[in-house]
$ cat structure.cif   # mmCIF, C-alpha atoms and all ligand atoms
data_start
#
loop_
_atom_site.label_atom_id
_atom_site.label_comp_id
_atom_site.auth_asym_id
_atom_site.auth_seq_id
_atom_site.Cartn_x
_atom_site.Cartn_y
_atom_site.Cartn_z
CA MET C 1 15.66 19.16 8.17
CA ASN C 2 12.13 20.11 7.12
CA ILE C 3 10.07 17.24 5.70
CA LEU C 4 7.00 17.40 3.45
CA ILE C 5 4.74 14.35 3.33
CA VAL C 6 2.24 14.25 0.46
CA GLY C 7 -1.11 12.54 1.11
CA SER C 8 -3.80 12.36 3.76
CA GLY C 9 -4.20 8.73 4.81
CA GLY C 10 -3.17 6.51 7.70
CA ARG C 11 -0.01 5.69 5.79
CA GLU C 12 1.00 9.35 5.79
CA HIS C 13 0.31 9.73 9.52
CA ALA C 14 2.38 6.61 10.19
CA LEU C 15 5.29 7.97 8.12
CA ALA C 16 5.03 11.35 9.87
CA TRP C 17 4.93 9.66 13.30
CA LYS C 18 8.08 7.69 12.57
CA LEU C 19 9.96 10.59 10.94
CA ALA C 20 9.08 12.86 13.88
CA GLN C 21 11.25 10.57 16.05
CA SER C 22 14.36 11.34 14.00
CA PRO C 23 16.75 13.73 15.77
CA ARG C 24 17.53 15.22 12.36
CA VAL C 25 13.95 16.24 11.58
CA SER C 26 13.05 19.80 12.61
CA LYS C 27 9.53 20.20 11.22
CA ILE C 28 7.03 18.02 9.37
CA PHE C 29 4.52 19.44 6.90
CA CYS C 30 1.79 17.27 5.45
CA ALA C 31 -0.19 18.13 2.31
CA PRO C 32 -3.08 17.98 2.77
CA GLY C 33 -2.73 15.72 5.87
CA ASN C 34 -5.38 14.73 8.43
CA GLY C 35 -6.23 15.22 12.10
CA GLY C 36 -3.29 13.03 13.12
CA THR C 37 -0.62 14.76 11.05
CA ALA C 38 -1.89 18.11 12.37
CA ARG C 39 -0.86 16.94 15.85
CA LEU C 40 2.70 16.14 14.73
CA GLY C 41 3.41 19.08 12.49
CA GLU C 42 1.58 21.45 10.17
CA ASN C 43 -1.03 20.56 7.57
CA VAL C 44 -0.77 22.45 4.29
CA PRO C 45 -3.97 22.94 2.25
CA LEU C 46 -2.51 21.59 -1.00
CA ALA C 47 -3.95 18.48 -2.68
CA ALA C 48 -1.61 15.61 -3.57
CA ASP C 49 -2.16 16.30 -7.29
CA ASN C 50 -1.37 20.03 -7.08
CA ILE C 51 2.09 19.53 -8.51
CA SER C 52 3.07 23.15 -9.13
CA GLY C 53 1.72 24.19 -5.72
CA LEU C 54 3.76 21.47 -3.99
CA VAL C 55 6.96 22.39 -5.86
CA GLU C 56 6.49 26.05 -4.93
CA PHE C 57 5.82 25.15 -1.29
CA ALA C 58 8.91 22.92 -1.07
CA LYS C 59 11.07 25.72 -2.46
CA THR C 60 9.78 28.48 -0.22
CA ARG C 61 9.68 26.42 2.99
CA LYS C 62 13.14 24.94 2.40
CA ILE C 63 11.98 21.31 2.46
CA GLY C 64 14.97 18.95 2.69
CA LEU C 65 13.02 15.84 1.68
CA THR C 66 9.53 15.25 0.30
CA VAL C 67 7.93 11.82 0.73
CA VAL C 68 5.07 10.83 -1.58
CA GLY C 69 2.25 8.59 -0.33
CA PRO C 70 -0.44 8.09 -3.00
CA ASP C 71 -0.10 6.31 -6.34
CA ASP C 72 -1.95 8.91 -8.42
CA ALA C 73 0.49 11.68 -7.44
CA LEU C 74 3.34 9.44 -8.64
CA ALA C 75 1.53 8.60 -11.88
CA LEU C 76 0.92 12.32 -12.50
CA GLY C 77 4.64 13.05 -12.34
CA LEU C 78 5.07 14.70 -8.94
CA VAL C 79 8.55 13.19 -8.60
CA ASP C 80 9.54 14.28 -12.11
CA ALA C 81 8.56 17.88 -11.30
CA PHE C 82 10.56 17.88 -8.05
CA ASP C 83 13.58 16.35 -9.83
CA ALA C 84 13.37 19.03 -12.52
CA ALA C 85 13.31 21.72 -9.82
CA GLY C 86 16.35 20.18 -8.08
CA LEU C 87 14.30 19.26 -4.99
CA LYS C 88 14.97 16.02 -3.07
CA ILE C 89 11.99 13.64 -3.18
CA PHE C 90 11.32 10.01 -2.23
CA GLY C 91 9.37 8.03 -4.84
CA PRO C 92 9.65 6.77 -8.42
CA THR C 93 9.15 8.93 -11.51
CA ALA C 94 5.92 8.62 -13.51
CA SER C 95 7.52 6.35 -16.09
CA ALA C 96 8.90 4.01 -13.40
CA ALA C 97 5.56 4.12 -11.55
CA ARG C 98 3.91 2.63 -14.66
CA LEU C 99 4.78 -0.68 -12.99
CA GLU C 100 1.75 0.11 -10.82
CA SER C 101 -0.29 2.43 -13.03
CA SER C 102 -0.38 -0.03 -15.96
CA LYS C 103 -0.97 -3.70 -15.23
CA SER C 104 -0.10 -4.65 -18.81
CA PHE C 105 3.22 -2.77 -18.58
CA ALA C 106 3.96 -4.60 -15.32
CA LYS C 107 3.01 -7.95 -16.86
CA ASP C 108 5.33 -7.38 -19.84
CA PHE C 109 8.13 -6.38 -17.48
CA MET C 110 7.66 -9.53 -15.39
CA ASN C 111 7.48 -11.80 -18.42
CA ARG C 112 10.57 -10.25 -20.03
CA HIS C 113 12.61 -10.66 -16.85
CA GLY C 114 11.43 -14.06 -15.63
CA ILE C 115 9.55 -12.79 -12.55
CA PRO C 116 6.92 -15.39 -11.62
CA THR C 117 3.35 -14.15 -12.12
CA ALA C 118 -0.04 -15.41 -13.32
CA ARG C 119 -0.30 -16.20 -17.05
CA ALA C 120 -2.26 -13.42 -18.71
CA ARG C 121 -3.49 -11.84 -21.95
CA GLU C 122 -4.45 -8.28 -22.60
CA PHE C 123 -7.41 -6.99 -24.59
CA THR C 124 -8.82 -3.68 -25.78
CA ASP C 125 -11.99 -4.96 -27.49
CA SER C 126 -14.76 -6.79 -25.70
CA ALA C 127 -15.62 -9.28 -28.46
CA SER C 128 -12.17 -10.90 -28.45
CA ALA C 129 -11.96 -10.70 -24.66
CA CYS C 130 -15.33 -12.49 -24.26
CA GLU C 131 -14.28 -15.07 -26.86
CA TRP C 132 -11.15 -15.75 -24.80
CA CYS C 133 -13.19 -16.09 -21.60
CA ARG C 134 -15.49 -18.68 -23.19
CA THR C 135 -12.53 -20.99 -23.87
CA SER C 136 -10.68 -20.44 -20.57
CA LYS C 137 -10.52 -22.32 -17.28
CA PHE C 138 -12.40 -20.76 -14.35
CA PRO C 139 -12.13 -18.87 -12.05
CA LEU C 140 -10.64 -16.11 -14.22
CA VAL C 141 -9.31 -12.78 -13.02
CA ILE C 142 -10.23 -9.65 -14.97
CA LYS C 143 -8.27 -6.49 -14.25
CA ALA C 144 -8.59 -2.91 -15.48
CA ASP C 145 -5.17 -1.87 -16.75
CA GLY C 146 -4.92 1.43 -14.87
CA LEU C 147 -5.39 2.81 -11.35
CA ALA C 148 -8.94 2.09 -10.13
CA LEU C 149 -8.82 2.68 -6.36
CA GLY C 150 -8.47 -1.06 -5.71
CA LYS C 151 -11.81 -1.72 -7.41
CA GLY C 152 -10.58 -2.73 -10.86
CA VAL C 153 -10.17 -6.47 -10.20
CA VAL C 154 -12.97 -9.02 -10.62
CA ILE C 155 -12.63 -12.71 -9.86
CA ALA C 156 -15.17 -14.31 -12.20
CA MET C 157 -16.49 -17.76 -11.37
CA THR C 158 -18.55 -18.17 -14.55
CA VAL C 159 -18.48 -17.09 -18.20
CA ALA C 160 -21.43 -14.77 -17.54
CA GLU C 161 -19.59 -13.02 -14.70
CA ALA C 162 -16.45 -12.71 -16.81
CA GLU C 163 -18.33 -11.26 -19.78
CA HIS C 164 -20.11 -8.80 -17.49
CA ALA C 165 -16.76 -7.62 -16.05
CA VAL C 166 -15.24 -7.32 -19.53
CA ARG C 167 -18.15 -5.26 -20.85
CA GLN C 168 -18.22 -3.03 -17.78
CA CYS C 169 -14.61 -2.08 -18.40
CA LEU C 170 -14.34 -1.99 -22.16
CA ASP C 171 -17.85 -0.98 -23.28
CA GLU C 172 -19.43 0.81 -20.33
CA GLU C 173 -16.15 2.46 -19.28
CA ALA C 174 -16.82 1.88 -15.57
CA PHE C 175 -13.22 2.86 -14.82
CA GLY C 176 -12.86 5.47 -17.57
CA GLU C 177 -9.41 5.64 -19.14
CA ALA C 178 -8.06 3.11 -16.58
CA GLY C 179 -10.29 0.38 -18.02
CA ARG C 180 -9.84 0.95 -21.78
CA ARG C 181 -7.40 -1.94 -21.69
CA ILE C 182 -7.85 -5.06 -19.56
CA VAL C 183 -5.67 -7.92 -18.45
CA ILE C 184 -7.29 -11.33 -18.06
CA GLU C 185 -5.28 -13.77 -16.01
CA GLU C 186 -5.36 -17.22 -14.51
CA PHE C 187 -6.59 -17.53 -10.93
CA LEU C 188 -3.78 -18.33 -8.52
CA GLU C 189 -4.47 -20.39 -5.45
CA GLY C 190 -2.55 -19.88 -2.25
CA VAL C 191 -1.97 -17.53 0.64
CA GLU C 192 -1.51 -13.79 0.05
CA CYS C 193 1.39 -11.87 1.50
CA SER C 194 2.65 -8.29 1.02
CA ILE C 195 6.29 -7.42 0.82
CA HIS C 196 7.96 -4.03 0.87
CA ALA C 197 11.45 -3.29 -0.38
CA LEU C 198 13.24 0.02 -0.70
CA VAL C 199 14.87 0.29 -4.12
CA ASP C 200 17.64 2.79 -4.89
CA GLY C 201 18.08 1.90 -8.55
CA ALA C 202 20.95 -0.53 -8.05
CA SER C 203 20.07 -2.41 -4.87
CA TYR C 204 17.16 -3.13 -2.56
CA LEU C 205 16.42 -3.56 1.11
CA LEU C 206 13.69 -6.05 1.94
CA PHE C 207 11.46 -5.19 4.92
CA PRO C 208 9.63 -7.71 7.12
CA ASP C 209 6.54 -9.17 5.43
CA CYS C 210 2.91 -8.32 6.23
CA ARG C 211 -0.60 -9.47 5.46
CA ASP C 212 -3.47 -7.18 4.55
CA HIS C 213 -7.15 -8.08 5.06
CA LYS C 214 -8.82 -6.54 2.01
CA ARG C 215 -12.43 -7.70 2.40
CA ALA C 216 -14.79 -5.53 4.41
CA CYS C 217 -16.19 -8.25 6.69
CA ASP C 218 -14.98 -11.00 9.00
CA GLY C 219 -14.02 -14.30 7.43
CA ASP C 220 -12.85 -12.49 4.25
CA LYS C 221 -16.43 -11.79 3.20
CA GLY C 222 -17.97 -8.70 1.66
CA PRO C 223 -16.58 -6.25 -0.88
CA ASN C 224 -12.90 -5.41 -1.41
CA THR C 225 -11.62 -2.33 0.40
CA GLY C 226 -8.31 -0.48 0.55
CA GLY C 227 -7.49 -2.74 3.53
CA MET C 228 -9.27 -3.33 6.86
CA GLY C 229 -6.26 -4.39 8.88
CA THR C 230 -2.72 -5.70 8.71
CA ILE C 231 -0.35 -7.93 10.60
CA SER C 232 3.43 -8.23 10.47
CA PRO C 233 4.96 -10.75 10.16
CA SER C 234 2.42 -12.50 7.96
CA GLY C 235 3.29 -15.86 9.47
CA SER C 236 3.55 -17.42 5.99
CA LEU C 237 6.98 -16.35 4.73
CA ASP C 238 9.66 -18.51 6.33
CA GLU C 239 13.39 -17.96 5.72
CA CYS C 240 13.38 -20.31 2.77
CA LEU C 241 10.48 -18.54 1.02
CA ARG C 242 12.00 -15.17 1.84
CA ALA C 243 15.22 -16.24 0.11
CA GLN C 244 13.16 -17.40 -2.88
CA VAL C 245 11.36 -14.03 -3.02
CA LYS C 246 14.74 -12.29 -3.08
CA ARG C 247 16.16 -14.55 -5.76
CA GLU C 248 13.18 -14.87 -8.08
CA ILE C 249 11.45 -11.52 -7.62
CA LEU C 250 13.68 -8.78 -6.23
CA ASP C 251 17.03 -9.75 -7.82
CA ARG C 252 15.25 -10.14 -11.17
CA PHE C 253 13.41 -6.85 -10.64
CA ILE C 254 16.70 -4.97 -10.19
CA ALA C 255 18.28 -6.75 -13.18
CA GLY C 256 15.17 -5.91 -15.24
CA LEU C 257 15.39 -2.22 -14.34
CA LYS C 258 18.98 -2.16 -15.56
CA LYS C 259 18.21 -3.96 -18.81
CA ASP C 260 15.23 -1.73 -19.59
CA GLY C 261 17.00 1.46 -18.53
CA ILE C 262 14.36 2.27 -15.89
CA GLU C 263 15.55 4.39 -12.99
CA TYR C 264 13.51 3.36 -9.96
CA ARG C 265 13.98 4.97 -6.56
CA GLY C 266 11.45 4.57 -3.81
CA MET C 267 9.36 1.87 -2.22
CA LEU C 268 8.38 -1.25 -4.15
CA PHE C 269 5.45 -3.12 -2.65
CA PRO C 270 4.61 -6.32 -4.54
CA GLY C 271 1.43 -8.17 -3.62
CA LEU C 272 2.29 -11.89 -3.68
CA MET C 273 0.39 -15.14 -3.85
CA LEU C 274 2.34 -17.94 -2.17
CA THR C 275 1.33 -20.82 -4.45
CA ALA C 276 2.31 -24.49 -4.48
CA ASP C 277 4.68 -23.50 -7.33
CA GLY C 278 6.33 -20.77 -5.26
CA PRO C 279 5.67 -17.06 -4.74
CA LYS C 280 4.07 -15.23 -7.68
CA VAL C 281 3.49 -11.49 -8.11
CA LEU C 282 -0.18 -10.41 -8.22
CA GLU C 283 0.68 -6.76 -8.71
CA PHE C 284 3.38 -4.20 -8.17
CA ASN C 285 2.66 -1.12 -6.08
CA CYS C 286 5.20 1.66 -6.38
CA ARG C 287 4.51 3.15 -2.96
CA TRP C 288 4.04 2.25 0.69
CA GLY C 289 0.95 0.15 1.45
CA ASP C 290 -1.91 1.48 3.54
CA PRO C 291 -2.39 -0.01 6.19
CA GLU C 292 0.84 -2.00 5.71
CA THR C 293 2.94 1.07 6.58
CA GLN C 294 1.23 1.34 9.97
CA VAL C 295 2.58 -2.04 11.12
CA LEU C 296 5.97 -1.65 9.42
CA VAL C 297 6.83 1.65 11.12
CA ARG C 298 5.88 0.14 14.48
CA ARG C 299 8.42 -2.63 13.93
CA LEU C 300 11.23 -0.42 12.61
CA GLY C 301 13.65 0.24 15.48
CA SER C 302 16.01 2.64 13.70
CA ASP C 303 15.71 6.04 12.00
CA LEU C 304 13.40 6.08 8.96
CA LEU C 305 14.99 9.27 7.61
CA ASP C 306 18.32 7.45 7.20
CA LEU C 307 16.61 4.81 5.05
CA LEU C 308 14.69 7.30 2.91
CA GLU C 309 17.82 9.34 2.28
CA ALA C 310 19.87 6.23 1.45
CA THR C 311 17.19 5.33 -1.11
CA VAL C 312 17.25 8.75 -2.77
CA GLU C 313 21.06 8.96 -2.67
CA GLY C 314 21.68 5.42 -3.94
CA THR C 315 23.49 4.17 -0.82
CA LEU C 316 21.01 1.52 0.34
CA SER C 317 23.58 -1.29 0.14
CA THR C 318 25.27 0.14 3.24
CA ALA C 319 22.05 0.79 5.24
CA THR C 320 21.66 -1.22 8.47
CA PRO C 321 18.10 -0.89 9.74
CA GLU C 322 17.07 -2.48 13.01
CA TRP C 323 13.78 -4.33 13.28
CA ARG C 324 11.98 -5.17 16.50
CA GLU C 325 11.38 -8.88 17.06
CA ALA C 326 7.84 -7.93 18.13
CA ALA C 327 4.74 -8.64 16.06
CA ALA C 328 2.40 -5.81 15.06
CA THR C 329 -1.33 -5.63 14.31
CA CYS C 330 -3.34 -2.76 12.84
CA VAL C 331 -7.13 -2.75 13.06
CA ILE C 332 -8.93 -0.24 10.84
CA LEU C 333 -11.96 1.58 12.23
CA ALA C 334 -14.07 2.63 9.25
CA SER C 335 -17.19 4.69 8.64
CA GLY C 336 -20.45 2.73 8.36
CA GLY C 337 -21.09 1.91 4.70
CA TYR C 338 -17.43 1.90 3.61
CA PRO C 339 -16.31 0.95 0.93
CA GLY C 340 -19.68 2.18 -0.42
CA SER C 341 -21.11 5.57 0.51
CA TYR C 342 -20.83 6.79 4.09
CA GLU C 343 -21.48 9.90 6.14
CA LYS C 344 -18.78 12.20 7.45
CA GLY C 345 -18.63 14.54 10.44
CA LYS C 346 -19.25 12.00 13.24
CA ILE C 347 -17.59 12.89 16.54
CA ILE C 348 -14.76 10.51 17.52
CA THR C 349 -14.07 9.74 21.19
CA GLY C 350 -11.67 7.54 23.13
CA ILE C 351 -8.37 7.88 21.25
CA ALA C 352 -6.50 9.32 24.24
CA SER C 353 -7.78 6.52 26.45
CA ALA C 354 -6.80 3.87 23.86
CA GLU C 355 -3.29 5.31 23.69
CA THR C 356 -2.77 5.00 27.45
CA LEU C 357 -2.58 1.23 26.92
CA PRO C 358 0.96 -0.09 26.55
CA ASP C 359 2.36 -0.55 23.02
CA VAL C 360 -0.63 1.10 21.35
CA VAL C 361 -0.52 3.91 18.77
CA VAL C 362 -3.63 5.14 16.94
CA PHE C 363 -2.96 6.42 13.42
CA HIS C 364 -5.48 8.79 11.87
CA ALA C 365 -6.73 8.44 8.28
CA GLY C 366 -10.10 10.11 7.56
CA THR C 367 -10.19 12.50 10.52
CA LYS C 368 -10.34 16.27 10.86
CA ASP C 369 -10.41 18.78 13.66
CA ALA C 370 -13.71 20.65 13.94
CA GLY C 371 -13.62 23.17 16.74
CA GLU C 372 -13.06 21.29 19.99
CA THR C 373 -13.92 17.91 18.47
CA LEU C 374 -12.25 15.40 16.21
CA GLN C 375 -14.59 14.19 13.47
CA THR C 376 -14.70 11.48 10.83
CA ASN C 377 -13.75 12.69 7.37
CA GLY C 378 -13.32 9.58 5.21
CA GLY C 379 -14.01 5.87 4.72
CA ARG C 380 -11.12 4.51 6.72
CA VAL C 381 -10.99 6.67 9.84
CA LEU C 382 -8.36 5.25 12.24
CA GLY C 383 -5.76 2.49 12.35
CA VAL C 384 -5.34 1.15 15.87
CA THR C 385 -1.89 -0.47 16.06
CA ALA C 386 -0.31 -2.55 18.79
CA LEU C 387 2.95 -4.41 19.31
CA GLY C 388 3.13 -7.75 21.12
CA ASP C 389 5.61 -10.56 21.69
CA HIS C 390 3.67 -12.56 19.13
CA LEU C 391 0.71 -11.98 16.80
CA PRO C 392 -2.07 -13.16 19.17
CA GLU C 393 -0.78 -10.76 21.83
CA ALA C 394 -0.60 -7.86 19.35
CA ARG C 395 -4.14 -8.66 18.24
CA GLN C 396 -5.47 -8.77 21.77
CA LYS C 397 -3.87 -5.40 22.62
CA ALA C 398 -5.09 -3.76 19.40
CA TYR C 399 -8.69 -4.84 20.03
CA GLU C 400 -8.54 -3.83 23.69
CA ALA C 401 -7.56 -0.33 22.48
CA ALA C 402 -10.06 -0.32 19.62
CA ASP C 403 -12.87 -1.12 22.09
CA ARG C 404 -12.26 2.27 23.77
CA ILE C 405 -12.87 4.26 20.58
CA ALA C 406 -16.33 5.21 19.39
CA PHE C 407 -18.08 7.16 16.64
CA GLU C 408 -21.54 6.73 15.13
CA GLY C 409 -21.60 3.95 12.54
CA LEU C 410 -18.12 2.59 13.42
CA GLN C 411 -17.40 -0.52 11.39
CA ARG C 412 -14.44 -2.86 11.82
CA ARG C 413 -13.31 -6.41 11.37
CA ASN C 414 -12.90 -8.52 14.48
CA ASP C 415 -10.59 -11.14 13.01
CA ILE C 416 -7.37 -9.31 12.09
CA GLY C 417 -4.50 -11.71 12.77
CA PRO C 418 -4.40 -15.06 14.51
CA ALA C 419 -5.99 -15.47 17.93
CA GLY C 420 -4.87 -17.91 20.64
CA ASN C 421 -1.45 -18.68 22.09
CA SER C 422 0.53 -19.69 19.03
P1 LIG A 1 -4.47 -6.65 -7.40
O1 LIG A 1 -4.99 -5.24 -7.34
O2 LIG A 1 -3.97 -7.05 -8.74
O3 LIG A 1 -3.52 -7.00 -6.28
O4 LIG A 1 -5.75 -7.55 -7.06
C1 LIG A 1 -6.54 -7.34 -5.92
C2 LIG A 1 -6.84 -8.66 -5.23
O5 LIG A 1 -7.43 -9.58 -6.17
C3 LIG A 1 -5.58 -9.38 -4.75
O6 LIG A 1 -5.20 -8.94 -3.48
C4 LIG A 1 -6.05 -10.82 -4.74
O7 LIG A 1 -6.83 -11.09 -3.60
C5 LIG A 1 -6.96 -10.90 -5.94
N1 LIG A 1 -6.22 -11.37 -7.15
C6 LIG A 1 -5.62 -10.60 -8.07
N2 LIG A 1 -5.06 -11.35 -9.03
C7 LIG A 1 -5.32 -12.63 -8.72
C8 LIG A 1 -5.00 -13.89 -9.32
N3 LIG A 1 -4.34 -13.96 -10.47
N4 LIG A 1 -5.42 -15.01 -8.70
C9 LIG A 1 -6.11 -14.95 -7.54
N5 LIG A 1 -6.45 -13.80 -6.93
C10 LIG A 1 -6.05 -12.64 -7.49
N1 LIG A 2 -3.42 -2.15 1.46
C1 LIG A 2 -3.24 -2.30 0.09
C2 LIG A 2 -2.60 -1.18 -0.61
O1 LIG A 2 -2.10 -0.23 -0.04
O2 LIG A 2 -2.59 -1.23 -1.85
#
$ encode --input "structure.cif" --output "structure tokens"
Amino acid sequence: MNILIVGSGGREHALAWKLAQSPRVSKIFCAPGNGGTARLGENVPLAADNISGLVEFAKTRKIGLTVVGPDDALALGLVDAFDAAGLKIFGPTASAARLESSKSFAKDFMNRHGIPTARAREFTDSASACEWCRTSKFPLVIKADGLALGKGVVIAMTVAEAEHAVRQCLDEEAFGEAGRRIVIEEFLEGVECSIHALVDGASYLLFPDCRDHKRACDGDKGPNTGGMGTISPSGSLDECLRAQVKREILDRFIAGLKKDGIEYRGMLFPGLMLTADGPKVLEFNCRWGDPETQVLVRRLGSDLLDLLEATVEGTLSTATPEWREAAATCVILASGGYPGSYEKGKIITGIASAETLPDVVVFHAGTKDAGETLQTNGGRVLGVTALGDHLPEARQKAYEAADRIAFEGLQRRNDIGPAGNS
């Protein structure tokens, strides 16, 4: 079967890497892809939002399954267009993906169906929003309603900070259309954890849990990024909490879809806060996480194509994936300056040497081939992943590999996952 993967990040390289191991996959195309996907298959110069171009390509190249990476392609209706053309595609439709593309829609859904989440109110005018902030308990969390590249959330410690965030969104339109509506919610205390579950409309399949490290610098300091590294398992979700997540979040999610008549097929990736009152949903993502996917595919022992097809065909309840007992760590190597401005076109060395180490795979994100060299082409450049018997071992192997890779301005965190012998 020919596969088309839409997107150009580390997530897409990780999906391509895993799918390439399936005996049923003949060729992998990636649109637009990166330097890593070019090594596994063929990159196609079509952007993820070029819906008609992608439909046409899938028809002419006889693509058996298309897999969508990025949220904006989902929100634009890529899946709807493929469905209308009778082409098989993995991902939710635009209306189902509103669970990610509108935080107020997601909040209403959670409240209607009893899914635990932070108490919140939504606003479209800054005067009433500021009024509300002045009478609220701090910290307060202010969120742009729409997709804002992970930058639309502000944790305000004071009234002044809250009012500034409100005005930036509603009056100064810092996030354009995405910030015309805001959600203001209570601050939840606890430990964060990411979960992924395939959803085929009627049932779900919960994956092992992970933890992302969103801040740019060690010790969770510095600005928020798309994610500077991940571990799986997170070390915080024991069997009892996992059962609670299934009962209170995923079972209710499926029941809610039915009640509301929403057809959801694809990956559901809720960000959770594990609070003293139990797990609560911070946000729904309607796609695979990046760099969560990098650690998940390393732990998946069985064929990913089987799972994706079962999701699209509605047969997930009979799927039997195998997971490796091993722990996985992914360390992101980013361009200097990320998540702010950064330069591109720096020559990358050492990947081949890093990959000679046991249990190491280097996933590409912002890379491109330029003549004989591989060069940086984005903020997050590489995701160095390693498996180990436990998290400290996976961490040690990932950093040993990462130490062999160089490019000018390379920036990384040095504290992804627990160290020591635990
Ligand atoms: P979101 O995009 O909604 O997941 O928010 C991005 C990050 O902001 C999360 O990963 C959390 O670290 C933080 N955050 C969001 N909502 C809350 C909340 N209600 N309480 C505490 N932290 C939050
Ligand atoms: N790593 C966070 C995300 O993919 O949203």
$ residues_near_ligand --input "structure.cif" --ligand "ligand LIG 1 (chain A)" --cutoff "6 Å" --atoms "all atoms listed in the file" --output "VMD selection string"
chain C and resid 118 141 150 153 185 to 188 271 282 to 283
$ closest_residue --input "structure.cif" --among "C:Met1, C:Ala97, C:Leu237, C:Ile332" --to "Ser22 (chain C)" --atoms "all atoms listed in the file"
C:Met1
$ residues_near_point --input "structure.cif" --point "(-11.5, 19.2, 16.1)" --cutoff "12 Å" --atoms "only C-alpha atoms" --output "PyMOL selection string"
chain C and resi 34-36+38-39+345-349+367-377
$ closest_residue --input "structure.cif" --among "C:Ile405, C:Leu272, C:Leu46, C:Ala127" --to "ligand LIG 2 (chain A)" --atoms "all atoms listed in the file"
C:Leu272
$ residues_around --input "structure.cif" --residues "region 290-303 of chain C" --least-positions-apart "2" --cutoff "6 Å" --atoms "only C-alpha atoms" --output "ChimeraX atom specification"
/C:11,14,22,230,305-306,321-324,328
$ axis_aligned_box --input "structure.cif" --around "ligand LIG 2 (chain A)" --padding-each-side "6 Å" --output "lines of an AutoDock Vina configuration file"
center_x = -2.8
center_y = -1.3
center_z = -0.2
size_x = 13.3
size_y = 14.1
size_z = 15.3
$ residues_near_ligand --input "structure.cif" --ligand "ligand LIG 2 (chain A)" --cutoff "10 Å" --atoms "all atoms listed in the file" --output "number ranges by chain"
C: 11, 69-71, 149-150, 194, 211-214, 225-230, 269-271, 283-293
$ decode --input "structure.cif" --residues "region 30-34 of chain C" --atoms "all heavy atoms" --output "PDB file, in the first residue's frame"
ATOM      1  N   CYS C  30       5.694  11.941   1.649  1.00  0.00           N
ATOM      2  CA  CYS C  30       5.458  12.893   2.725  1.00  0.00           C
ATOM      3  C   CYS C  30       5.326  14.294   2.136  1.00  0.00           C
ATOM      4  O   CYS C  30       6.170  14.708   1.326  1.00  0.00           O
ATOM      5  CB  CYS C  30       6.586  12.825   3.745  1.00  0.00           C
ATOM      6  SG  CYS C  30       6.121  13.520   5.324  1.00  0.00           S
ATOM      7  N   ALA C  31       4.259  15.001   2.504  1.00  0.00           N
ATOM      8  CA  ALA C  31       4.016  16.336   1.934  1.00  0.00           C
ATOM      9  C   ALA C  31       3.933  17.366   3.055  1.00  0.00           C
ATOM     10  O   ALA C  31       3.036  17.281   3.853  1.00  0.00           O
ATOM     11  CB  ALA C  31       2.696  16.328   1.149  1.00  0.00           C
ATOM     12  N   PRO C  32       4.843  18.333   3.139  1.00  0.00           N
ATOM     13  CA  PRO C  32       6.018  18.454   2.282  1.00  0.00           C
ATOM     14  C   PRO C  32       7.227  17.657   2.804  1.00  0.00           C
ATOM     15  O   PRO C  32       8.202  17.535   2.085  1.00  0.00           O
ATOM     16  CB  PRO C  32       6.310  19.956   2.321  1.00  0.00           C
ATOM     17  CG  PRO C  32       5.821  20.409   3.657  1.00  0.00           C
ATOM     18  CD  PRO C  32       4.678  19.516   4.030  1.00  0.00           C
ATOM     19  N   GLY C  33       7.173  17.139   4.038  1.00  0.00           N
ATOM     20  CA  GLY C  33       8.261  16.323   4.565  1.00  0.00           C
ATOM     21  C   GLY C  33       9.491  17.122   4.973  1.00  0.00           C
ATOM     22  O   GLY C  33       9.488  18.361   4.963  1.00  0.00           O
ATOM     23  N   ASN C  34      10.541  16.380   5.362  1.00  0.00           N
ATOM     24  CA  ASN C  34      11.810  17.018   5.780  1.00  0.00           C
ATOM     25  C   ASN C  34      12.971  16.113   5.354  1.00  0.00           C
ATOM     26  O   ASN C  34      12.750  15.110   4.642  1.00  0.00           O
ATOM     27  CB  ASN C  34      11.786  17.288   7.286  1.00  0.00           C
ATOM     28  CG  ASN C  34      11.595  16.013   8.109  1.00  0.00           C
ATOM     29  OD1 ASN C  34      12.090  14.950   7.758  1.00  0.00           O
ATOM     30  ND2 ASN C  34      10.868  16.121   9.219  1.00  0.00           N
TER      31      ASN C  34
END
